[in-house]
>>> print(open('input08.tsv').read())   # TSV, C-alpha atoms
chain	number	residue	atom	x	y	z
A	1	MET	CA	-27.24	19.64	-20.30
A	2	TYR	CA	-25.35	16.80	-21.94
A	3	ALA	CA	-27.78	16.86	-24.86
A	4	TRP	CA	-27.13	20.59	-25.19
A	5	ILE	CA	-23.35	20.03	-25.20
A	6	PHE	CA	-23.72	17.25	-27.74
A	7	ARG	CA	-25.81	19.44	-30.02
A	8	HIS	CA	-23.20	22.22	-29.90
A	9	LEU	CA	-20.24	20.02	-30.79
A	10	PRO	CA	-18.97	20.73	-34.29
A	11	GLY	CA	-18.81	18.30	-37.18
A	12	PRO	CA	-20.80	15.31	-38.36
A	13	LEU	CA	-22.28	12.72	-36.00
A	14	TRP	CA	-19.28	10.38	-35.96
A	15	LEU	CA	-16.94	13.27	-35.10
A	16	ARG	CA	-19.23	14.45	-32.34
A	17	ILE	CA	-19.34	10.97	-30.86
A	18	LEU	CA	-15.56	10.83	-31.04
A	19	ILE	CA	-15.21	14.23	-29.38
A	20	SER	CA	-17.61	13.21	-26.59
A	21	LEU	CA	-15.58	10.07	-25.92
A	22	VAL	CA	-12.39	12.12	-25.77
A	23	LEU	CA	-14.05	14.59	-23.40
A	24	VAL	CA	-15.22	11.76	-21.13
A	25	PHE	CA	-11.69	10.32	-21.16
A	26	ILE	CA	-10.17	13.69	-20.26
A	27	ALA	CA	-12.66	14.02	-17.40
A	28	LEU	CA	-11.65	10.54	-16.16
A	29	VAL	CA	-7.95	11.35	-16.27
A	30	LEU	CA	-8.49	14.60	-14.38
A	31	MET	CA	-10.53	12.79	-11.75
A	32	VAL	CA	-7.93	10.06	-11.21
A	33	GLN	CA	-5.06	12.54	-11.17
A	34	PHE	CA	-6.50	15.27	-8.99
A	35	LEU	CA	-10.04	14.77	-7.72
A	36	PHE	CA	-9.77	11.24	-6.29
A	37	PRO	CA	-6.48	11.73	-4.42
A	38	TRP	CA	-8.01	14.83	-2.86
A	39	MET	CA	-11.22	12.99	-1.99
A	40	SER	CA	-9.25	10.18	-0.40
A	41	HIS	CA	-8.26	12.54	2.41
A	42	PHE	CA	-11.84	12.30	3.59
A	43	THR	CA	-11.79	8.52	3.88
A	44	GLN	CA	-9.96	6.73	6.62
A	45	PHE	CA	-8.52	3.78	4.76
A	46	THR	CA	-5.05	5.23	4.64
A	47	ASP	CA	-4.41	5.90	8.34
A	48	SER	CA	-2.23	2.99	9.33
A	49	THR	CA	0.41	4.65	11.44
A	50	ILE	CA	0.63	5.19	15.14
A	51	GLY	CA	0.62	8.74	16.46
A	52	SER	CA	0.95	11.38	13.79
A	53	THR	CA	1.26	10.26	10.19
A	54	ASP	CA	4.58	12.00	9.88
A	55	GLN	CA	6.90	10.42	12.38
A	56	PRO	CA	10.02	12.44	13.20
B	57	MET	CA	-27.27	11.72	-24.71
B	58	VAL	CA	-31.07	11.93	-24.65
B	59	LEU	CA	-32.41	13.50	-27.79
B	60	GLN	CA	-35.02	16.05	-26.95
B	61	GLU	CA	-38.07	16.87	-28.93
B	62	LYS	CA	-37.86	20.52	-29.84
B	63	ALA	CA	-40.82	22.55	-28.58
B	64	GLY	CA	-43.70	20.69	-30.10
B	65	PRO	CA	-46.60	22.79	-31.34
B	66	ALA	CA	-49.18	20.68	-29.43
B	67	THR	CA	-49.18	22.33	-25.99
B	68	ALA	CA	-46.75	25.23	-26.47
B	69	PRO	CA	-45.75	25.54	-22.82
B	70	ALA	CA	-45.26	28.94	-21.35
B	71	PRO	CA	-41.61	30.10	-21.17
B	72	ARG	CA	-41.68	29.75	-17.38
B	73	ARG	CA	-42.56	26.08	-17.58
B	74	ALA	CA	-39.84	25.49	-20.15
B	75	LEU	CA	-37.31	27.17	-17.88
B	76	LEU	CA	-38.43	25.09	-14.91
B	77	ARG	CA	-38.22	21.89	-16.92
B	78	GLY	CA	-34.74	22.81	-18.18
B	79	THR	CA	-33.51	23.61	-14.70
B	80	ILE	CA	-34.81	20.34	-13.30
B	81	GLN	CA	-33.22	18.42	-16.15
B	82	VAL	CA	-29.80	20.03	-15.64
B	83	LEU	CA	-30.06	19.45	-11.90
B	84	GLY	CA	-30.96	15.81	-12.47
B	85	GLU	CA	-28.08	15.29	-14.85
B	86	LEU	CA	-25.67	16.91	-12.39
B	87	LEU	CA	-26.91	14.65	-9.59
B	88	ILE	CA	-26.53	11.55	-11.76
B	89	THR	CA	-23.05	12.74	-12.67
B	90	ALA	CA	-22.18	13.16	-8.99
B	91	GLY	CA	-23.42	9.64	-8.30
B	92	VAL	CA	-21.35	8.19	-11.12
B	93	ILE	CA	-18.28	10.10	-9.90
B	94	LEU	CA	-18.73	8.72	-6.38
B	95	LEU	CA	-19.01	5.16	-7.72
B	96	LEU	CA	-15.88	5.73	-9.80
B	97	PHE	CA	-14.14	7.04	-6.69
B	98	VAL	CA	-14.98	3.88	-4.77
B	99	ALA	CA	-13.65	1.76	-7.63
B	100	TRP	CA	-10.52	3.90	-7.80
B	101	GLN	CA	-9.90	3.75	-4.07
B	102	LEU	CA	-10.58	0.08	-3.45
B	103	TRP	CA	-9.26	-1.36	-6.69
B	104	TRP	CA	-7.21	0.93	-8.86
B	105	THR	CA	-4.87	2.16	-6.08
B	106	ASN	CA	-3.97	-1.49	-5.47
B	107	VAL	CA	-3.17	-2.03	-9.13
B	108	GLU	CA	-0.99	1.07	-9.19
B	109	SER	CA	0.82	0.33	-5.94
B	110	ASP	CA	1.43	-3.33	-6.78
B	111	ALA	CA	3.12	-2.28	-10.00
B	112	LYS	CA	5.19	0.35	-8.22
B	113	GLN	CA	6.22	-2.06	-5.45
B	114	THR	CA	7.26	-4.72	-7.94
B	115	GLN	CA	9.42	-2.05	-9.52
B	116	VAL	CA	10.98	-1.14	-6.16
B	117	ILE	CA	11.79	-4.79	-5.47
B	118	LYS	CA	13.35	-5.13	-8.90
B	119	GLU	CA	15.57	-2.13	-8.32
B	120	PHE	CA	16.53	-3.43	-4.87
B	121	ALA	CA	17.37	-6.82	-6.38
B	122	LYS	CA	19.51	-5.14	-9.00
B	123	ASP	CA	21.49	-3.36	-6.29
B	124	LEU	CA	21.82	-6.66	-4.43
B	125	GLY	CA	23.14	-8.37	-7.52
B	126	SER	CA	25.87	-5.82	-8.02
B	127	ALA	CA	26.82	-5.73	-4.33
B	128	ALA	CA	27.09	-9.44	-3.58
B	129	PRO	CA	26.44	-12.19	-6.11
B	130	THR	CA	24.15	-14.81	-4.65
B	131	PRO	CA	25.90	-18.14	-4.21
B	132	ALA	CA	22.57	-19.91	-3.96
B	133	ALA	CA	23.13	-21.89	-7.12
B	134	SER	CA	26.29	-23.62	-5.88
B	135	ALA	CA	25.02	-25.03	-2.60
B	136	PRO	CA	21.32	-24.95	-1.78
B	137	PRO	CA	20.85	-24.36	1.94
B	138	ALA	CA	19.57	-27.82	2.65
B	139	LYS	CA	19.50	-27.79	6.42
B	140	ALA	CA	17.68	-24.91	7.99
B	141	ALA	CA	18.48	-23.63	11.45
B	142	ALA	CA	19.44	-26.58	13.70
B	143	GLY	CA	22.88	-25.74	14.95
B	144	GLU	CA	23.43	-22.99	12.42
B	145	ASP	CA	24.74	-19.91	14.12
B	146	PHE	CA	26.04	-16.90	12.31
B	147	GLY	CA	26.69	-14.89	15.44
B	148	LYS	CA	25.21	-11.51	16.15
B	149	PRO	CA	23.11	-10.13	13.31
B	150	VAL	CA	24.64	-7.39	11.23
B	151	VAL	CA	22.67	-4.18	11.53
B	152	GLY	CA	22.60	-2.04	8.44
B	153	THR	CA	22.60	1.73	8.37
B	154	ALA	CA	19.27	3.41	7.74
B	155	PRO	CA	18.81	4.82	4.24
B	156	GLY	CA	17.44	8.28	3.60
B	157	HIS	CA	13.75	9.01	3.32
B	158	ALA	CA	12.01	6.66	0.86
B	159	GLY	CA	15.17	4.56	0.51
B	160	THR	CA	14.61	0.81	0.30
B	161	ILE	CA	15.63	-1.12	3.42
B	162	GLY	CA	14.72	-4.57	2.21
B	163	ILE	CA	11.98	-7.02	1.36
B	164	MET	CA	9.53	-8.70	3.66
B	165	TYR	CA	8.30	-12.23	3.10
B	166	ILE	CA	5.36	-13.56	5.11
B	167	PRO	CA	4.44	-17.09	3.99
B	168	ARG	CA	1.19	-16.91	5.98
B	169	PHE	CA	0.00	-14.20	3.58
B	170	GLY	CA	0.57	-16.47	0.61
B	171	PRO	CA	3.53	-17.81	-1.37
B	172	THR	CA	3.78	-14.64	-3.41
B	173	TYR	CA	3.74	-12.19	-0.52
B	174	THR	CA	6.78	-10.07	-1.27
B	175	ARG	CA	6.69	-6.44	-0.21
B	176	PRO	CA	9.37	-3.76	-0.07
B	177	ILE	CA	10.23	-2.09	3.23
B	178	VAL	CA	10.94	1.57	2.70
B	179	GLN	CA	12.28	4.22	5.06
B	180	GLY	CA	9.65	6.61	6.43
B	181	THR	CA	5.95	6.47	7.25
B	182	SER	CA	4.73	9.54	5.42
B	183	GLN	CA	1.88	9.35	2.96
B	184	ASP	CA	4.11	9.25	-0.12
B	185	VAL	CA	5.91	6.14	1.15
B	186	LEU	CA	2.89	4.22	2.43
B	187	ASP	CA	0.68	5.06	-0.52
B	188	THR	CA	2.97	3.71	-3.18
B	189	LEU	CA	6.12	2.07	-1.91
B	190	GLY	CA	4.87	-0.58	0.50
B	191	LEU	CA	5.72	-1.05	4.16
B	192	GLY	CA	7.06	2.08	5.80
B	193	HIS	CA	9.73	1.88	8.49
B	194	TYR	CA	9.22	4.25	11.41
B	195	SER	CA	12.50	6.07	10.96
B	196	ASN	CA	12.92	6.71	14.70
B	197	THR	CA	12.92	2.97	15.47
B	198	ALA	CA	15.66	0.36	15.17
B	199	MET	CA	16.86	-1.28	11.96
B	200	PRO	CA	16.29	-5.02	11.33
B	201	GLY	CA	18.32	-7.23	13.61
B	202	ALA	CA	19.20	-4.47	16.05
B	203	VAL	CA	18.40	-4.87	19.72
B	204	GLY	CA	15.24	-2.85	20.12
B	205	ASN	CA	12.15	-2.40	18.02
B	206	PHE	CA	12.06	-2.53	14.22
B	207	ALA	CA	8.64	-1.01	13.52
B	208	VAL	CA	6.87	-0.79	10.18
B	209	ALA	CA	3.46	0.50	9.08
B	210	GLY	CA	1.38	-0.68	6.15
B	211	HIS	CA	-2.04	-0.16	4.66
B	212	ARG	CA	-4.80	-2.60	5.54
B	213	GLN	CA	-6.83	-1.49	2.51
B	214	THR	CA	-6.07	0.44	-0.67
B	215	HIS	CA	-2.67	1.28	-2.13
B	216	GLY	CA	-1.54	-2.34	-2.23
B	217	ALA	CA	-3.24	-3.41	1.00
B	218	VAL	CA	0.11	-4.72	2.19
B	219	LEU	CA	-1.11	-5.77	5.65
B	220	ASP	CA	-4.67	-6.78	4.78
B	221	ASN	CA	-4.24	-10.23	6.32
B	222	ILE	CA	-2.42	-9.12	9.45
B	223	HIS	CA	-5.17	-10.64	11.62
B	224	THR	CA	-4.54	-14.11	10.14
B	225	LEU	CA	-1.06	-14.43	11.62
B	226	VAL	CA	-0.77	-17.33	14.07
B	227	PRO	CA	1.78	-17.35	16.91
B	228	GLY	CA	4.87	-19.09	15.61
B	229	ASP	CA	4.49	-17.82	12.04
B	230	LYS	CA	7.78	-16.81	10.48
B	231	ILE	CA	8.27	-13.33	9.09
B	232	TYR	CA	11.36	-12.93	6.93
B	233	VAL	CA	13.12	-9.65	6.34
B	234	GLN	CA	15.76	-9.57	3.63
B	235	THR	CA	18.22	-6.69	3.54
B	236	LYS	CA	21.45	-6.32	1.64
B	237	ASP	CA	23.23	-7.76	4.71
B	238	GLY	CA	21.20	-10.93	5.06
B	239	TYR	CA	18.00	-12.54	6.20
B	240	TYR	CA	16.36	-11.84	9.53
B	241	VAL	CA	13.84	-14.42	10.71
B	242	TYR	CA	11.21	-13.10	13.07
B	243	VAL	CA	8.61	-15.25	14.79
B	244	PHE	CA	5.16	-13.79	15.27
B	245	ARG	CA	4.10	-13.64	18.88
B	246	ASN	CA	0.81	-11.78	19.29
B	247	ASN	CA	-1.63	-9.20	18.04
B	248	GLN	CA	-2.91	-6.21	19.90
B	249	ILE	CA	-5.62	-3.72	19.02
B	250	VAL	CA	-4.98	-0.25	20.35
B	251	MET	CA	-6.08	3.33	19.87
B	252	PRO	CA	-4.17	5.35	17.24
B	253	SER	CA	-2.56	7.51	19.94
B	254	ARG	CA	-0.66	4.61	21.54
B	255	THR	CA	2.84	5.54	20.44
B	256	ASP	CA	4.30	3.29	23.16
B	257	VAL	CA	3.93	0.28	20.85
B	258	LEU	CA	6.96	1.72	19.05
B	259	GLU	CA	9.14	1.78	22.17
B	260	PRO	CA	12.37	-0.30	22.09
B	261	VAL	CA	10.47	-2.76	24.26
B	262	PRO	CA	6.93	-2.38	22.91
B	263	THR	CA	4.46	-0.85	25.38
B	264	GLN	CA	7.13	-0.62	28.08
B	265	PRO	CA	8.61	2.88	27.91
B	266	GLY	CA	11.95	3.34	29.62
B	267	VAL	CA	12.83	-0.34	29.71
B	268	ALA	CA	16.18	-1.18	28.13
B	269	PRO	CA	15.71	-3.77	25.38
B	270	THR	CA	17.58	-7.07	25.38
B	271	GLU	CA	15.86	-8.59	22.36
B	272	SER	CA	15.05	-7.61	18.80
B	273	TYR	CA	11.40	-6.95	18.14
B	274	LEU	CA	9.48	-6.50	14.93
B	275	THR	CA	6.32	-4.42	15.26
B	276	MET	CA	3.86	-3.99	12.42
B	277	THR	CA	1.02	-1.46	12.59
B	278	SER	CA	-2.03	-1.18	10.38
B	279	CYS	CA	-5.62	0.06	10.38
B	280	ASN	CA	-8.31	-1.68	12.32
B	281	PRO	CA	-11.03	-2.63	11.61
B	282	ARG	CA	-10.74	-3.47	7.94
B	283	PHE	CA	-12.18	-0.62	5.85
B	284	GLY	CA	-11.94	1.65	8.87
B	285	ALA	CA	-9.37	3.39	10.97
B	286	GLU	CA	-10.86	3.89	14.41
B	287	GLU	CA	-8.17	1.66	15.92
B	288	ARG	CA	-4.79	0.23	15.06
B	289	ILE	CA	-3.91	-3.44	14.90
B	290	ILE	CA	-0.40	-4.21	16.04
B	291	ALA	CA	1.52	-7.42	15.34
B	292	TYR	CA	4.55	-8.20	17.46
B	293	ALA	CA	7.31	-10.61	16.47
B	294	LEU	CA	10.67	-11.53	17.97
B	295	LEU	CA	13.94	-12.09	16.15
B	296	ASP	CA	14.63	-15.80	16.02
B	297	SER	CA	17.69	-16.13	13.83
B	298	TRP	CA	19.55	-14.52	11.00
B	299	ARG	CA	21.67	-15.60	8.04
B	300	PRO	CA	24.21	-13.45	6.26
B	301	ALA	CA	23.51	-12.81	2.60
B	302	ALA	CA	26.44	-15.05	1.62
B	303	ALA	CA	24.81	-18.04	3.33
B	304	GLY	CA	21.82	-17.79	1.03
B	305	PRO	CA	18.17	-17.49	1.90
B	306	PRO	CA	16.48	-19.74	4.47
B	307	ALA	CA	15.21	-22.90	2.79
B	308	GLU	CA	11.56	-22.08	3.53
B	309	ILE	CA	11.59	-18.95	1.41
B	310	ALA	CA	14.33	-19.84	-1.08
B	311	ALA	CA	11.84	-20.13	-3.91
B	312	GLN	CA	10.20	-16.85	-3.03
B	313	VAL	CA	13.51	-15.05	-2.83
B	314	ALA	CA	14.54	-16.46	-6.18
B	315	ALA	CA	11.25	-15.39	-7.72
B	316	ALA	CA	11.45	-11.91	-6.24
B	317	THR	CA	15.09	-11.10	-6.84
B	318	GLY	CA	16.07	-13.49	-9.61
B	319	ARG	CA	14.52	-11.34	-12.30
B	320	GLY	CA	16.78	-8.39	-11.45
>>> encode(input="input08.tsv", output="structure tokens")
Amino acid sequence: MYAWIFRHLPGPLWLRILISLVLVFIALVLMVQFLFPWMSHFTQFTDSTIGSTDQP
Amino acid sequence: MVLQEKAGPATAPAPRRALLRGTIQVLGELLITAGVILLLFVAWQLWWTNVESDAKQTQVIKEFAKDLGSAAPTPAASAPPAKAAAGEDFGKPVVGTAPGHAGTIGIMYIPRFGPTYTRPIVQGTSQDVLDTLGLGHYSNTAMPGAVGNFAVAGHRQTHGAVLDNIHTLVPGDKIYVQTKDGYYVYVFRNNQIVMPSRTDVLEPVPTQPGVAPTESYLTMTSCNPRFGAEERIIAYALLDSWRPAAAGPPAEIAAQVAAATGRG
């Protein structure tokens, strides 16, 4: 799959390596911004309050 | 990543076998990707959220110190508070008014947690406060110094791990709360481990609903055990003394206060 993507990137080798690095970076940013905060709801580390999390 | 040999002439596999091999390869790569993402998630949760929150909390303290500076210039430089306590009495503690949601109430200093333990106390215990801003004040409980219960929550792990060492407190340990009005000195009394549903620890007299308070309590709640949240660990402290802002910080934390607010 990754080999297939790499083969279909345009340009010479150095450009394709550069594009892959940029793609990996974009994937990382998206994960940190959206995926990980969402996943953290399934862990329990962040429950430190008593009763409901949203106290009146 | 892995360069594939293109359909060698040697065996010439049937199209079905090629398809099967391709499917298995894609599946394998997806599974490896999922594994890498999970490892990254663990690193993000246990390490990166702390980095982010520490930076944010330092920022909050800076802003709070800036407000302090404009409100009342610290006279610390003129006369260092040489003698602590012993006969000092500044009367009844001033009780500030509660700020709006996510407003900064003050700074907490706990020498037991290390000489650099300086965390903001922010109004509210919702996720947005606790995840970035530090210790969250249960907004339905008393303010520092008031007769009753000043209750705060903080993360044991992740997002700054502000109360990671809560179990290391020893009876008699001082807990300092600095607000714009002054310094409130609480003395740690005991720990308690309870179930998350025990809201009575937030009562004006902790765990005694309906009893009228005569003293000022500080109650801190966090997850228990570490890296879990099946229970809550509660730390109770009692107000020992207070100093108005004009009198300068207590001698024990003078250096910490200077380090935390001096930059402002």
>>> closest_residue(input="input08.tsv", among="A:Ile26, A:Leu9, A:Phe36, A:Phe42", to="chain B", atoms="all atoms listed in the file")
A:Phe36
>>> residues_near_point(input="input08.tsv", point="(13.3, 3.9, 1.3)", cutoff="8 Å", atoms="only C-alpha atoms", output="PyMOL selection string")
chain B and resi 155-161+177-180+185+192
>>> interface_residues(input="input08.tsv", of="chain B", to="chain A", cutoff="8 Å", atoms="only C-alpha atoms", output="ChimeraX atom specification")
/B:57-60,81-82,85,97,100-101,180-183,187,194-196,209-214,252-255,277-279,283-285,288
>>> axis_aligned_box(input="input08.tsv", around="stretch 200-206 of chain B", padding_each_side="3 Å", output="JSON")
{"center_x": 15.6, "center_y": -4.8, "center_z": 15.7, "size_x": 13.1, "size_y": 10.8, "size_z": 14.8}
>>> atom_distance(input="input08.tsv", atom1="atom CA of B:Pro149", atom2="atom CA of B:Met276")
20.2 Å
>>> closest_residue(input="input08.tsv", among="B:Phe169, B:Trp298, B:Trp104, B:Tyr273", to="B:Asp237", atoms="all atoms listed in the file")
B:Trp298
>>> atom_distance(input="input08.tsv", atom1="atom CA of B:Tyr239", atom2="atom CA of B:Ala314")
13.4 Å
>>> atom_distance(input="input08.tsv", atom1="atom CA of B:Leu96", atom2="atom CA of A:Pro10")
28.9 Å
>>> closest_residue(input="input08.tsv", among="B:Ala207, B:Ala301, B:Val226, B:Ile289", to="B:Pro262", atoms="only C-alpha atoms")
B:Ala207
>>> closest_residue(input="input08.tsv", among="B:Thr275, B:Thr105, B:Asn280, B:Thr153", to="B:Ile231", atoms="only C-alpha atoms")
B:Thr275
>>> decode(input="input08.tsv", residues="stretch 16-43 of chain A", atoms="N, CA and C atoms", output="PDB file, in the first residue's frame")
ATOM      1  N   ARG A  16       9.736  13.024  -4.209  1.00  0.00           N
ATOM      2  CA  ARG A  16       8.782  12.055  -3.661  1.00  0.00           C
ATOM      3  C   ARG A  16       9.080  11.789  -2.181  1.00  0.00           C
ATOM      4  N   ILE A  17      10.355  11.750  -1.845  1.00  0.00           N
ATOM      5  CA  ILE A  17      10.701  11.588  -0.427  1.00  0.00           C
ATOM      6  C   ILE A  17      10.192  12.776   0.366  1.00  0.00           C
ATOM      7  N   LEU A  18      10.380  13.970  -0.190  1.00  0.00           N
ATOM      8  CA  LEU A  18       9.922  15.184   0.486  1.00  0.00           C
ATOM      9  C   LEU A  18       8.407  15.160   0.678  1.00  0.00           C
ATOM     10  N   ILE A  19       7.699  14.792  -0.400  1.00  0.00           N
ATOM     11  CA  ILE A  19       6.232  14.743  -0.316  1.00  0.00           C
ATOM     12  C   ILE A  19       5.793  13.727   0.735  1.00  0.00           C
ATOM     13  N   SER A  20       6.468  12.553   0.773  1.00  0.00           N
ATOM     14  CA  SER A  20       6.078  11.553   1.775  1.00  0.00           C
ATOM     15  C   SER A  20       6.265  12.094   3.180  1.00  0.00           C
ATOM     16  N   LEU A  21       7.378  12.805   3.412  1.00  0.00           N
ATOM     17  CA  LEU A  21       7.618  13.360   4.742  1.00  0.00           C
ATOM     18  C   LEU A  21       6.529  14.372   5.109  1.00  0.00           C
ATOM     19  N   VAL A  22       6.158  15.200   4.137  1.00  0.00           N
ATOM     20  CA  VAL A  22       5.095  16.177   4.390  1.00  0.00           C
ATOM     21  C   VAL A  22       3.792  15.470   4.700  1.00  0.00           C
ATOM     22  N   LEU A  23       3.487  14.403   3.944  1.00  0.00           N
ATOM     23  CA  LEU A  23       2.255  13.655   4.190  1.00  0.00           C
ATOM     24  C   LEU A  23       2.252  13.053   5.589  1.00  0.00           C
ATOM     25  N   VAL A  24       3.390  12.476   5.991  1.00  0.00           N
ATOM     26  CA  VAL A  24       3.484  11.888   7.335  1.00  0.00           C
ATOM     27  C   VAL A  24       3.275  12.974   8.379  1.00  0.00           C
ATOM     28  N   PHE A  25       3.852  14.157   8.144  1.00  0.00           N
ATOM     29  CA  PHE A  25       3.710  15.255   9.100  1.00  0.00           C
ATOM     30  C   PHE A  25       2.248  15.693   9.213  1.00  0.00           C
ATOM     31  N   ILE A  26       1.590  15.791   8.042  1.00  0.00           N
ATOM     32  CA  ILE A  26       0.172  16.179   8.053  1.00  0.00           C
ATOM     33  C   ILE A  26      -0.645  15.151   8.838  1.00  0.00           C
ATOM     34  N   ALA A  27      -0.342  13.871   8.612  1.00  0.00           N
ATOM     35  CA  ALA A  27      -1.057  12.819   9.339  1.00  0.00           C
ATOM     36  C   ALA A  27      -0.848  12.977  10.844  1.00  0.00           C
ATOM     37  N   LEU A  28       0.393  13.294  11.260  1.00  0.00           N
ATOM     38  CA  LEU A  28       0.694  13.482  12.681  1.00  0.00           C
ATOM     39  C   LEU A  28      -0.109  14.638  13.265  1.00  0.00           C
ATOM     40  N   VAL A  29      -0.122  15.759  12.539  1.00  0.00           N
ATOM     41  CA  VAL A  29      -0.846  16.930  13.031  1.00  0.00           C
ATOM     42  C   VAL A  29      -2.326  16.602  13.191  1.00  0.00           C
ATOM     43  N   LEU A  30      -2.898  15.934  12.188  1.00  0.00           N
ATOM     44  CA  LEU A  30      -4.312  15.581  12.271  1.00  0.00           C
ATOM     45  C   LEU A  30      -4.578  14.674  13.460  1.00  0.00           C
ATOM     46  N   MET A  31      -3.662  13.736  13.704  1.00  0.00           N
ATOM     47  CA  MET A  31      -3.856  12.827  14.832  1.00  0.00           C
ATOM     48  C   MET A  31      -3.823  13.575  16.151  1.00  0.00           C
ATOM     49  N   VAL A  32      -2.834  14.466  16.318  1.00  0.00           N
ATOM     50  CA  VAL A  32      -2.706  15.186  17.586  1.00  0.00           C
ATOM     51  C   VAL A  32      -3.887  16.135  17.787  1.00  0.00           C
ATOM     52  N   GLN A  33      -4.341  16.741  16.673  1.00  0.00           N
ATOM     53  CA  GLN A  33      -5.417  17.723  16.795  1.00  0.00           C
ATOM     54  C   GLN A  33      -6.773  17.072  17.031  1.00  0.00           C
ATOM     55  N   PHE A  34      -7.044  15.998  16.332  1.00  0.00           N
ATOM     56  CA  PHE A  34      -8.409  15.465  16.352  1.00  0.00           C
ATOM     57  C   PHE A  34      -8.505  14.038  16.883  1.00  0.00           C
ATOM     58  N   LEU A  35      -7.656  13.150  16.373  1.00  0.00           N
ATOM     59  CA  LEU A  35      -7.817  11.733  16.712  1.00  0.00           C
ATOM     60  C   LEU A  35      -7.501  11.468  18.191  1.00  0.00           C
ATOM     61  N   PHE A  36      -6.361  11.968  18.668  1.00  0.00           N
ATOM     62  CA  PHE A  36      -5.943  11.644  20.034  1.00  0.00           C
ATOM     63  C   PHE A  36      -6.869  12.234  21.094  1.00  0.00           C
ATOM     64  N   PRO A  37      -7.280  13.510  20.954  1.00  0.00           N
ATOM     65  CA  PRO A  37      -8.242  14.009  21.943  1.00  0.00           C
ATOM     66  C   PRO A  37      -9.520  13.175  21.984  1.00  0.00           C
ATOM     67  N   TRP A  38      -9.942  12.707  20.806  1.00  0.00           N
ATOM     68  CA  TRP A  38     -11.149  11.874  20.782  1.00  0.00           C
ATOM     69  C   TRP A  38     -10.870  10.537  21.451  1.00  0.00           C
ATOM     70  N   MET A  39      -9.705   9.952  21.157  1.00  0.00           N
ATOM     71  CA  MET A  39      -9.363   8.655  21.758  1.00  0.00           C
ATOM     72  C   MET A  39      -9.230   8.759  23.269  1.00  0.00           C
ATOM     73  N   SER A  40      -8.830   9.938  23.746  1.00  0.00           N
ATOM     74  CA  SER A  40      -8.585  10.058  25.188  1.00  0.00           C
ATOM     75  C   SER A  40      -9.871   9.923  25.990  1.00  0.00           C
ATOM     76  N   HIS A  41     -11.025  10.063  25.323  1.00  0.00           N
ATOM     77  CA  HIS A  41     -12.280   9.857  26.052  1.00  0.00           C
ATOM     78  C   HIS A  41     -12.440   8.406  26.487  1.00  0.00           C
ATOM     79  N   PHE A  42     -11.692   7.514  25.843  1.00  0.00           N
ATOM     80  CA  PHE A  42     -11.831   6.102  26.168  1.00  0.00           C
ATOM     81  C   PHE A  42     -10.825   5.652  27.230  1.00  0.00           C
ATOM     82  N   THR A  43      -9.930   6.548  27.620  1.00  0.00           N
ATOM     83  CA  THR A  43      -9.051   6.230  28.742  1.00  0.00           C
ATOM     84  C   THR A  43      -9.604   6.921  29.982  1.00  0.00           C
TER      85      THR A  43
END
